[in-house]
Amino acid sequence: MGLLKTKQKPEPAAAAVQTGREASHPFWPVSGYTPLSGGDAKLYEAIREAVPLVDAALTKIVRLAGGFRVECGDPASQRELERFCREVKVGAGGRGLETFLGEYLDSLLTYGNAVGEIVLSKDRRAVAGLYNASLSGLQVRAGKTPFDAQVCVRRGAELQPVKMPQLVMFTALSPPPSGIKGESVLKSLPFVTSILLKIFDATGKNFDRVGNVRFAVTYKPGSDMDRAYAKERAQQIAREWSQGMSAGGRGQVRDFVSVGDVDIKVIGADNQILDTQVPVRQMLEQIIAKLSIPPFLLGLNWSTTERMSKQQADILTSELEYYRRLLTPVLMRVCRTFLRLRGCPCEPVVKWNTINLQDEVESAKARLYNAQAEQLERQNG
């Protein structure tokens, strides 16, 4: 039985990551370089953390844009390619090409730039994994031609170009003319977000002041005898009132009994909290218009019609198609590198899944109507 046992092939060890961050020096040359992660990166991260609607919208875009299949002409290589797409290592704990693509698109939307790397094994004969680089330790400059971008890594006090640029993927979102660095989808939202956060902060403070009910107990002495002992009676009333309120906090019902002219009012009962529904909706409309996400996908019960919701879904579909066009070259490079290392000359083809079921239903209805019209035309000669 020992002769039938096959020795398992050891998994190739991964080589060092080129775009990994190392210890930096406070003085480094910046001439001719464009940092991929500037001072606005922390601002965009704070916006996503402070406004759940923004974070939910970007997360939904990433999830809706996924779903693809990569094909090649060789059946044997096709099986290996499908296995690679499912099981390739991504970072420290991720698996699958879709996981890598989701993180890549998330960085592209948040910061306007994304950098990924194909990590080879030490023997340079296989793909060991995929790595999404942090933009804080990278900078980019123009290459030898206007069509090239050179990614550089900070090494101590110097910026050095990566040694194998063919393994590094860089994507910029809507860069300006003749520019290198892209722009985040959150670029025009800091001002709107600041107003929204001011409203939320003021609302919280108002409820902290008015919502947590406070009482004003006023004792008005009547006769001269009452005025002579006003201080002692006020202290007694305050003590009894405090004990009664404390007993209520423990679940006990305790009445407050007093003699004389005692007036009890709720502090802030006459004041009215400002209605924030209209300004909050105005700010949210600006955010949703920028992110191109239909309100009903984010749990906002705004009045809309069926026709309007369909148009909003079509707009979202066009946005997702645009992001897919940006991601297709990244997928092509990863899969092409995998096939070339296996000695397969086939060219990979990326086929994206249909974004939603509504498009398939409408397409099926159109084909049905065309077939029925063609059949009637044949019957009528």
# chains A, B, ... in the order shown; residues from 1 in each chain; ligands from 1
call {"tool": "residues_around", "arguments": {"residues": "Thr171 in chain A", "least_positions_apart": "3", "cutoff": "10 Å", "atoms": "only C-alpha atoms", "output": "ChimeraX atom specification"}}
result
/A:104-105,107-108,112-116,149,174-175,180-182,326-327,329-330
call {"tool": "closest_atom_pairs", "arguments": {"of": "range 278-342 of chain A", "to": "range 152-169 of chain A", "cutoff": "9 Å", "atoms": "only C-alpha atoms", "output": "tab-separated table"}}
result
residue	atom	partner	partner_atom	distance
A:Val330	CA	A:Met169	CA	6.6
A:Arg333	CA	A:Met169	CA	8.2
A:Val334	CA	A:Leu167	CA	8.4
A:Thr337	CA	A:Leu167	CA	8.4
call {"tool": "select_by_dssp", "arguments": {"residues": "range 70-165 of chain A", "states": "alpha helix (DSSP H)", "output": "ChimeraX atom specification"}}
result
/A:75-87,97-111
call {"tool": "closest_residue", "arguments": {"among": "A:Glu71, A:Phe84, A:Asp263, A:Ala50", "to": "Lys198 in chain A", "atoms": "only C-alpha atoms"}}
result
A:Ala50
call {"tool": "closest_residue", "arguments": {"among": "A:Val88, A:Ala142, A:Ile264, A:Cys344", "to": "Asp74 in chain A", "atoms": "only C-alpha atoms"}}
result
A:Cys344
call {"tool": "residues_around", "arguments": {"residues": "Val185 in chain A", "least_positions_apart": "6", "cutoff": "12 Å", "atoms": "only C-alpha atoms", "output": "ChimeraX atom specification"}}
result
/A:41,44,47-48,54-55,57-58,61,105-113,172-175,287-292,319,323
call {"tool": "residues_around", "arguments": {"residues": "Gly299 in chain A", "least_positions_apart": "3", "cutoff": "12 Å", "atoms": "only C-alpha atoms", "output": "JSON, numbers by chain"}}
result
{"A": [52, 53, 56, 57, 293, 294, 295, 296, 302]}
call {"tool": "atom_distance", "arguments": {"atom1": "CA of Phe147 in chain A", "atom2": "CA of Ser184 in chain A"}}
result
21.2 Å
call {"tool": "closest_residue", "arguments": {"among": "A:Ala238, A:Leu300, A:Leu196, A:Leu97", "to": "Ala216 in chain A", "atoms": "only C-alpha atoms"}}
result
A:Ala238
call {"tool": "select_by_dssp", "arguments": {"residues": "range 20-164 of chain A", "states": "strand (DSSP E or B)", "output": "PyMOL selection string"}}
result
chain A and resi 24+34-35+68-71+89-90+94-95+113-121+127-132+138-142+149-156+158-161
call {"tool": "residues_around", "arguments": {"residues": "Leu197 in chain A", "least_positions_apart": "2", "cutoff": "12 Å", "atoms": "only C-alpha atoms", "output": "PyMOL selection string"}}
result
chain A and resi 46-47+49-52+189-195+199-204+276+279-280+283-284
call {"tool": "closest_residue", "arguments": {"among": "A:Val17, A:Phe207, A:Ser77, A:Gly381", "to": "Ser134 in chain A", "atoms": "only C-alpha atoms"}}
result
A:Val17
